[in-house]
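Source file: target30.cif; contents: mmCIF, C-alpha atoms and all ligand atoms.
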```
data_coords
#
loop_
_atom_site.label_atom_id
_atom_site.label_comp_id
_atom_site.auth_asym_id
_atom_site.auth_seq_id
_atom_site.Cartn_x
_atom_site.Cartn_y
_atom_site.Cartn_z
CA MET A 1 23.51 29.92 6.90
CA ARG A 2 21.10 28.05 9.17
CA PHE A 3 17.36 28.63 9.04
CA ASP A 4 15.18 27.31 11.88
CA LEU A 5 11.46 27.42 11.13
CA ILE A 6 9.21 27.26 14.19
CA THR A 7 6.00 26.00 12.63
CA LEU A 8 2.90 23.93 13.42
CA PHE A 9 2.91 22.82 9.77
CA PRO A 10 6.42 21.68 8.80
CA GLU A 11 4.95 19.90 5.78
CA PHE A 12 4.16 23.38 4.39
CA PHE A 13 7.86 23.85 3.63
CA HIS A 14 8.60 20.47 2.05
CA SER A 15 7.95 21.19 -1.60
CA PRO A 16 9.08 24.86 -1.81
CA LEU A 17 12.45 23.80 -0.37
CA GLN A 18 12.76 21.00 -2.92
CA SER A 19 12.47 23.11 -6.05
CA GLY A 20 14.36 25.83 -7.83
CA LEU A 21 17.37 27.86 -6.77
CA ILE A 22 16.58 27.47 -3.07
CA ALA A 23 16.77 23.68 -3.35
CA LYS A 24 20.08 24.02 -5.23
CA ALA A 25 21.48 26.35 -2.58
CA ILE A 26 20.54 23.85 0.13
CA ALA A 27 21.97 20.96 -1.90
CA LYS A 28 25.20 22.98 -2.35
CA GLY A 29 25.37 23.37 1.42
CA LEU A 30 24.92 27.16 1.26
CA ALA A 31 22.11 26.77 3.74
CA GLU A 32 20.50 24.27 6.02
CA VAL A 33 16.85 24.46 6.92
CA HIS A 34 15.32 22.83 9.99
CA CYS A 35 11.68 22.75 11.07
CA THR A 36 10.70 22.56 14.73
CA ASN A 37 7.07 21.99 15.69
CA PRO A 38 5.90 23.53 18.98
CA ARG A 39 3.37 20.71 19.22
CA ASP A 40 6.29 18.38 19.99
CA PHE A 41 6.89 20.45 23.13
CA THR A 42 3.44 20.12 24.68
CA CYS A 43 2.97 18.07 27.83
CA ASP A 44 -0.76 17.56 27.93
CA ARG A 45 -2.70 14.66 26.50
CA HIS A 46 -4.20 16.80 23.72
CA HIS A 47 -0.91 18.44 22.70
CA LYS A 48 -2.53 21.81 23.15
CA VAL A 49 -0.67 24.68 21.42
CA ASP A 50 -3.36 27.34 21.49
CA ASP A 51 -5.96 28.60 23.93
CA GLU A 52 -8.63 31.27 24.34
CA PRO A 53 -7.49 34.87 24.79
CA TYR A 54 -7.50 36.41 28.27
CA GLY A 55 -9.87 39.35 28.22
CA GLY A 56 -12.19 37.52 25.84
CA GLY A 57 -12.65 38.16 22.14
CA ALA A 58 -12.77 35.91 19.10
CA GLY A 59 -10.07 33.51 17.96
CA MET A 60 -7.28 31.67 19.70
CA VAL A 61 -3.78 32.59 20.86
CA LEU A 62 -0.66 30.40 20.65
CA LYS A 63 0.35 29.31 24.17
CA PRO A 64 3.74 30.51 25.45
CA GLU A 65 5.13 27.23 26.85
CA PRO A 66 5.33 25.17 23.63
CA LEU A 67 6.80 28.12 21.68
CA ALA A 68 9.37 28.96 24.34
CA ALA A 69 10.34 25.30 24.72
CA ALA A 70 10.69 24.94 20.94
CA LEU A 71 12.87 28.07 20.77
CA GLU A 72 15.03 26.91 23.68
CA SER A 73 15.51 23.51 22.05
CA LEU A 74 17.37 25.01 19.08
CA PRO A 75 21.14 24.99 18.68
CA VAL A 76 22.55 28.51 18.86
CA VAL A 77 24.70 29.70 15.97
CA THR A 78 25.89 33.29 16.26
CA PRO A 79 25.36 35.84 15.02
CA ARG A 80 21.65 35.01 15.03
CA GLN A 81 18.28 36.72 14.92
CA VAL A 82 14.97 35.33 16.15
CA ILE A 83 12.24 36.79 13.96
CA TYR A 84 8.48 36.69 14.46
CA LEU A 85 6.39 37.09 11.29
CA SER A 86 3.28 39.18 11.90
CA PRO A 87 1.25 42.06 10.42
CA GLN A 88 2.57 44.19 13.30
CA GLY A 89 6.18 43.84 12.14
CA GLU A 90 8.50 46.13 10.22
CA PRO A 91 7.87 45.72 6.47
CA MET A 92 10.09 43.46 4.39
CA THR A 93 12.27 45.37 1.93
CA GLN A 94 15.25 44.48 -0.21
CA ALA A 95 17.38 46.50 2.20
CA LEU A 96 16.13 44.36 5.08
CA PHE A 97 16.99 41.20 3.12
CA GLN A 98 20.46 42.60 2.39
CA ASP A 99 20.95 43.41 6.07
CA LEU A 100 19.97 39.89 7.18
CA ALA A 101 21.93 38.16 4.40
CA THR A 102 25.12 39.88 5.49
CA SER A 103 24.75 40.06 9.26
CA VAL A 104 23.57 36.68 10.59
CA GLU A 105 24.56 33.05 10.37
CA GLN A 106 21.33 31.73 11.92
CA LEU A 107 17.81 32.95 11.28
CA VAL A 108 15.03 31.59 13.51
CA LEU A 109 11.62 32.28 11.94
CA VAL A 110 8.59 31.96 14.23
CA CYS A 111 5.39 31.36 12.26
CA GLY A 112 2.25 32.54 14.02
CA HIS A 113 -1.33 31.42 13.55
CA TYR A 114 -4.83 32.36 14.65
CA GLU A 115 -4.75 35.75 16.42
CA GLY A 116 -1.04 35.54 17.15
CA ILE A 117 1.24 34.44 19.95
CA ASP A 118 1.18 35.17 23.69
CA GLU A 119 2.98 38.49 24.12
CA ARG A 120 5.33 36.99 26.73
CA VAL A 121 6.99 34.97 23.95
CA MET A 122 8.41 38.27 22.69
CA THR A 123 11.03 37.73 25.41
CA TRP A 124 12.65 35.26 22.99
CA ILE A 125 12.04 37.35 19.84
CA ASP A 126 14.60 39.85 18.51
CA ARG A 127 12.63 41.33 15.64
CA GLU A 128 9.07 41.37 14.30
CA ILE A 129 8.80 41.50 10.50
CA SER A 130 5.81 41.76 8.13
CA LEU A 131 5.37 40.65 4.52
CA GLY A 132 2.99 43.59 4.01
CA ASP A 133 -0.08 45.30 5.36
CA PHE A 134 -2.48 42.37 5.19
CA VAL A 135 -3.48 39.35 7.26
CA LEU A 136 -2.93 35.75 6.17
CA THR A 137 -4.04 32.54 7.83
CA CYS A 138 -0.46 31.69 8.70
CA GLY A 139 3.02 33.11 9.20
CA GLU A 140 4.55 30.32 7.08
CA ILE A 141 4.00 32.25 3.83
CA PRO A 142 5.87 35.37 5.04
CA ALA A 143 8.56 33.11 6.55
CA LEU A 144 9.07 31.39 3.19
CA ALA A 145 9.29 34.78 1.45
CA LEU A 146 11.91 35.99 3.91
CA LEU A 147 13.90 32.75 3.68
CA ASN A 148 13.82 32.98 -0.12
CA GLY A 149 14.78 36.66 -0.30
CA VAL A 150 17.64 36.35 2.19
CA LEU A 151 19.06 33.07 0.87
CA ARG A 152 18.93 34.47 -2.69
CA LEU A 153 21.37 37.19 -1.63
CA ARG A 154 23.91 34.81 -0.12
CA PRO A 155 26.94 34.32 -2.37
CA GLY A 156 26.61 31.26 -4.56
CA THR A 157 22.81 31.00 -4.57
CA ILE A 158 22.41 32.92 -7.81
CA GLY A 159 24.96 32.04 -10.49
CA LYS A 160 25.99 35.38 -11.96
CA GLU A 161 26.59 38.10 -9.34
CA GLU A 162 25.31 40.30 -12.17
CA SER A 163 21.71 39.31 -11.55
CA HIS A 164 21.69 41.14 -8.20
CA ARG A 165 22.61 44.47 -9.76
CA CYS A 166 19.56 44.60 -12.03
CA ASP A 167 17.05 43.70 -9.32
CA SER A 168 14.05 45.90 -8.82
CA PHE A 169 14.49 48.03 -5.71
CA SER A 170 18.22 47.44 -5.53
CA ASP A 171 18.88 51.01 -6.70
CA GLY A 172 15.57 52.29 -5.45
CA LEU A 173 13.93 52.13 -8.89
CA LEU A 174 11.70 49.51 -10.50
CA ASP A 175 13.29 47.24 -13.08
CA TYR A 176 13.30 47.90 -16.83
CA PRO A 177 11.29 45.63 -19.19
CA HIS A 178 12.94 42.42 -20.41
CA TYR A 179 12.78 40.75 -23.81
CA THR A 180 14.21 37.61 -25.37
CA ARG A 181 13.92 35.69 -28.68
CA PRO A 182 12.02 35.78 -31.00
CA ALA A 183 12.48 39.39 -32.21
CA GLU A 184 8.83 39.38 -33.33
CA PHE A 185 6.11 37.43 -31.52
CA ARG A 186 2.47 37.55 -32.71
CA GLY A 187 3.27 40.82 -34.49
CA LEU A 188 4.81 42.27 -31.30
CA LYS A 189 8.32 43.57 -31.84
CA VAL A 190 11.27 44.00 -29.46
CA PRO A 191 12.30 47.69 -29.07
CA GLU A 192 14.84 48.43 -31.83
CA VAL A 193 17.42 49.85 -29.44
CA LEU A 194 17.83 46.43 -27.78
CA LEU A 195 18.77 44.86 -31.14
CA SER A 196 21.19 47.67 -32.03
CA GLY A 197 24.24 46.41 -30.15
CA ASN A 198 24.77 50.02 -29.07
CA HIS A 199 25.43 49.38 -25.36
CA GLY A 200 25.44 53.04 -24.43
CA ALA A 201 22.06 53.60 -26.02
CA ILE A 202 20.74 50.36 -24.46
CA ALA A 203 21.87 51.42 -20.96
CA ALA A 204 20.31 54.87 -21.44
CA TRP A 205 17.03 53.35 -22.68
CA ARG A 206 16.91 50.93 -19.73
CA ARG A 207 17.55 53.71 -17.23
CA GLN A 208 14.83 55.82 -18.83
CA GLN A 209 12.42 52.89 -18.61
CA GLN A 210 13.26 52.44 -14.92
CA LEU A 211 12.59 56.11 -14.24
CA GLU A 212 9.34 56.21 -16.23
CA ARG A 213 7.99 52.99 -14.73
CA THR A 214 8.85 54.06 -11.20
CA ARG A 215 7.31 57.52 -11.71
CA ASP A 216 4.12 56.03 -13.20
CA ARG A 217 3.65 53.01 -10.93
CA ARG A 218 5.30 53.91 -7.64
CA PRO A 219 5.33 57.70 -7.03
CA ASP A 220 6.36 56.91 -3.41
CA LEU A 221 9.56 55.21 -4.56
CA TYR A 222 10.11 57.90 -7.20
CA GLN A 223 9.98 60.72 -4.66
CA ALA A 224 12.37 58.86 -2.34
CA TRP A 225 14.71 58.30 -5.27
CA GLN A 226 14.58 62.00 -6.24
CA ALA A 227 15.33 63.03 -2.65
CA GLN A 228 18.28 60.62 -2.61
CA GLN A 229 19.49 62.05 -5.91
CA SER A 230 19.37 65.66 -4.66
CA ASP A 231 21.33 64.56 -1.57
CA LEU A 232 23.96 63.02 -3.83
CA ASP A 233 23.99 66.12 -6.08
CA SER A 234 24.39 68.52 -3.15
CA HIS A 235 27.50 66.76 -1.78
N1 LIG B 1 1.76 40.47 7.01
C1 LIG B 1 2.38 39.38 7.50
O1 LIG B 1 3.61 39.22 7.45
C2 LIG B 1 1.55 38.34 8.15
C3 LIG B 1 2.10 37.48 9.09
C4 LIG B 1 1.29 36.49 9.68
C5 LIG B 1 -0.04 36.43 9.30
N2 LIG B 1 -0.89 35.52 9.82
C6 LIG B 1 -0.58 34.82 11.07
C7 LIG B 1 -0.65 35.82 12.18
C8 LIG B 1 -1.81 36.59 12.34
C9 LIG B 1 -1.86 37.52 13.38
C10 LIG B 1 -0.77 37.70 14.23
C11 LIG B 1 0.39 36.92 14.03
C12 LIG B 1 0.46 36.00 13.00
N3 LIG B 1 -0.54 37.26 8.38
C13 LIG B 1 0.23 38.21 7.81
#
```

Output the structure of this file as structure tokens.
Amino acid sequence: MRFDLITLFPEFFHSPLQSGLIAKAIAKGLAEVHCTNPRDFTCDRHHKVDDEPYGGGAGMVLKPEPLAAALESLPVVTPRQVIYLSPQGEPMTQALFQDLATSVEQLVLVCGHYEGIDERVMTWIDREISLGDFVLTCGEIPALALLNGVLRLRPGTIGKEESHRCDSFSDGLLDYPHYTRPAEFRGLKVPEVLLSGNHGAIAAWRRQQQLERTRDRRPDLYQAWQAQQSDLDSH
């Protein structure tokens, strides 16, 4: 899978791509990541990439020419999607990551700054995606989150396929609590059932924990899950 990051700050990505499972996946050749800086596609003496907004107002807008030139400079690997990260995008979900991980070979991620990009650049954009309902100083953070979440789902990135099945949100419920050695830590014990070796009881306890945690912490997810369950029951 090829990731192309359109970014004014390529150095932002250096260390996150050199550590952890993402670095291993890149080293294994499961992915290649390229950064392209729109500033390299400016023609003026000052390498101008932003300018004042037409119609007035505070802040600056990223100019269309450098962005379009940067996008047109990329190799095309199909199937591909060109994604713009912004608060106006569709929210990131595990389902969206699954969709991207299984449907494209090239992801182009356009990182915005300031007040955003000139709307005419949307001509080159397939999809607008948001990390959540908040504003950051840069689109690089959402881009890194998307890269991480999608690459994590590609075969080979995570060792055991097992670890995908227990993810939060994969079955619409939050994850159950996790414990490891020691069995007692500062007087805090591990729930007995997990030490029992009774796999049926352990699975039932974990499912109950998922349901309780989802009901208590995310009533929105819980209601969606209940609706999905009644659909399944009625068929
Ligand atoms: N919620 C997000 O995914 C997100 C993306 C980018 C961003 N900041 C850069 C920017 C600001 C305004 C317009 C376009 C890009 N903040 C939050």

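When all atoms listed in the file are used to measure the gap to ligand LIG 1 (chain B), the shortest distance among A:Pro219, A:Pro79, A:Gly132, A:Gly59 belongs to A:Gly132.
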
Applying 9 Å and only C-alpha atoms, which residues near range 2-18 of chain A remain after dropping the ones on its own chain fewer than 3 positions away? List them as a ChimeraX atom specification.
/A:22-24,26,30-39,49,67,70-71,74,77,105-113,139-141,143-144,147

Grab me every residue within 7 Å of ligand LIG 1 (chain B), counting only C-alpha atoms and all ligand atoms, and send it over as an MDAnalysis selection string.
chainID A and resid 85:87 111:117 129:139 142

Give me the residues within 10 Å of range 189-204 of chain A as a PyMOL selection string, counting all atoms listed in the file and dropping any in the same chain fewer than 6 places off.
chain A and resi 178-183+210

All residues 12 Å or closer to Asp99 in chain A, only C-alpha atoms, same chain fewer than 4 positions away omitted, as number ranges by chain
A: 81, 92-95, 103-105, 146, 149-151, 153-154

Residues within 12 Å of (15.5, 54.8, -15.2), file coords, only C-alpha atoms, listed as a ChimeraX atom specification:
/A:166,168-169,171-177,202-216,222,225-226

Test item: axis-aligned box, all listed atoms of range 47-66 of chain A, 3 Å on each side, centre and edges in Å rounded to one decimal, as JSON:
```
{"center_x": -3.7, "center_y": 28.9, "center_z": 23.1, "size_x": 24.1, "size_y": 26.9, "size_z": 16.3}
```

Taken to one decimal, the CA of Ala101 in chain A-CA of Ala69 in chain A distance is 26.7 Å

Measure the distance from CA of Leu62 in chain A to CA of Ile83 in chain A in Å and round it to one decimal.
15.9 Å

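Atom pair CA of Gly89 in chain A / CA of Glu119 in chain A has a distance of 13.5 Å (rounded to one decimal).
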
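Proximity of A:Arg127, A:His46, A:Arg218, A:His164 to Glu90 in chain A, computed with only C-alpha atoms, is greatest for A:Arg127.
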
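Proximity of A:Ala25, A:Leu221, A:Met60, A:Val121 to Lys48 in chain A, computed with all atoms listed in the file, is greatest for A:Met60.
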